[in-house]
Amino acid sequence: MQYYKVQAKCGHVGRNNYILKWFYVKADDGEEAAKIVRNKPRVKHHHKNAINAVEKISKEEYLCGIRCNQEDKYFQSHSSTEQRFLNAVLYEEILPEEKVEHYKKKQAKRQLKYAILEKEWVKSSRRY
């Protein structure tokens with residue numbers, strides 16, 4: 001088991017904005033560390049470029065980083081309202097999103113709706 005610090009884009013700072021935060025994780029390799037961080041709360045999971053950097057670190061740096069994150073007001077708050085109340089994010093830290101590249105493709109809701117209705121119609125017609 002090795003220690004990594006991963007820089008990721010985090011949200012809850014306004015529409016089409018983000019801030020960069022470091023996360024400290026234990027993993028077998030850098031790719032696994034990036035996957036772990038991508039699934040953490042507050043990280044913009046659906047962005048292809050959500051992970052900025054992955055660096056291998058020592059155990060002392062890992063423990064120090066965990067302590068720093070526990071003291072960070074951004075990670076202590078549970079909502080954007082509480083975040084504003086605590087002044088957890090400085091205005092200078094907020095960066096605008098250039099182009100939103102979603103990790104998952106958007107699906108046409110209307111097509112899904114009609115597909116579901118068609119399946120239900122086929123099921124009901126088989127009964128009679």
# chains A, B, ... in the order shown; residues from 1 in each chain; ligands from 1
call {"tool": "select_by_dssp", "arguments": {"residues": "chain A", "states": "alpha helix (DSSP H)", "output": "VMD selection string"}}
result
chain A and resid 30 to 38 59 to 71 73 to 76 80 to 86 109 to 127
call {"tool": "select_by_dssp", "arguments": {"residues": "range 7-90 of chain A", "states": "strand (DSSP E)", "output": "PyMOL selection string"}}
result
chain A and resi 7-10+17-27+51-57
call {"tool": "residues_around", "arguments": {"residues": "Val43 in chain A", "least_positions_apart": "6", "cutoff": "10 Å", "atoms": "only C-alpha atoms", "output": "number ranges by chain"}}
result
A: 8-12, 18-21, 37, 50-51
call {"tool": "closest_residue", "arguments": {"among": "A:Ser125, A:Arg42, A:Lys35, A:Phe23", "to": "Ser79 in chain A", "atoms": "only C-alpha atoms"}}
result
A:Arg42
call {"tool": "residues_around", "arguments": {"residues": "Tyr62 in chain A", "least_positions_apart": "2", "cutoff": "9 Å", "atoms": "only C-alpha atoms", "output": "JSON, numbers by chain"}}
result
{"A": [3, 4, 5, 24, 25, 26, 57, 58, 59, 60, 64, 65, 66, 67]}
call {"tool": "atom_distance", "arguments": {"atom1": "CA of Pro41 in chain A", "atom2": "CA of Lys113 in chain A"}}
result
29.8 Å
call {"tool": "residues_around", "arguments": {"residues": "Leu86 in chain A", "least_positions_apart": "2", "cutoff": "8 Å", "atoms": "only C-alpha atoms", "output": "tab-separated table (two decimals) with N, CA and C atoms, in the first residue's frame"}}
result
chain	number	residue	atom	x	y	z
A	73	LYS	N	-12.11	24.39	6.35
A	73	LYS	CA	-13.53	24.72	6.50
A	73	LYS	C	-14.36	24.20	5.32
A	77	SER	N	-17.83	21.88	6.05
A	77	SER	CA	-19.20	22.30	5.75
A	77	SER	C	-19.93	21.21	4.97
A	82	GLU	N	-23.85	26.69	4.19
A	82	GLU	CA	-22.95	26.63	5.35
A	82	GLU	C	-21.53	27.07	4.95
A	83	GLN	N	-21.14	26.72	3.74
A	83	GLN	CA	-19.84	27.10	3.20
A	83	GLN	C	-19.70	28.63	3.14
A	84	ARG	N	-20.75	29.29	2.65
A	84	ARG	CA	-20.73	30.76	2.58
A	84	ARG	C	-20.72	31.37	3.99
A	88	ALA	N	-15.65	29.56	3.81
A	88	ALA	CA	-14.75	28.44	3.58
A	88	ALA	C	-13.95	28.56	2.29
call {"tool": "atom_distance", "arguments": {"atom1": "CA of Ala34 in chain A", "atom2": "CA of Thr81 in chain A"}}
result
28.3 Å
call {"tool": "closest_residue", "arguments": {"among": "A:Glu120, A:Met1, A:Glu98, A:Asn87", "to": "Glu32 in chain A", "atoms": "only C-alpha atoms"}}
result
A:Met1
call {"tool": "atom_distance", "arguments": {"atom1": "CA of Ala27 in chain A", "atom2": "CA of Val6 in chain A"}}
result
11.2 Å
call {"tool": "closest_residue", "arguments": {"among": "A:Leu117, A:His46, A:Lys56, A:Asn17", "to": "Asp29 in chain A", "atoms": "only C-alpha atoms"}}
result
A:Lys56
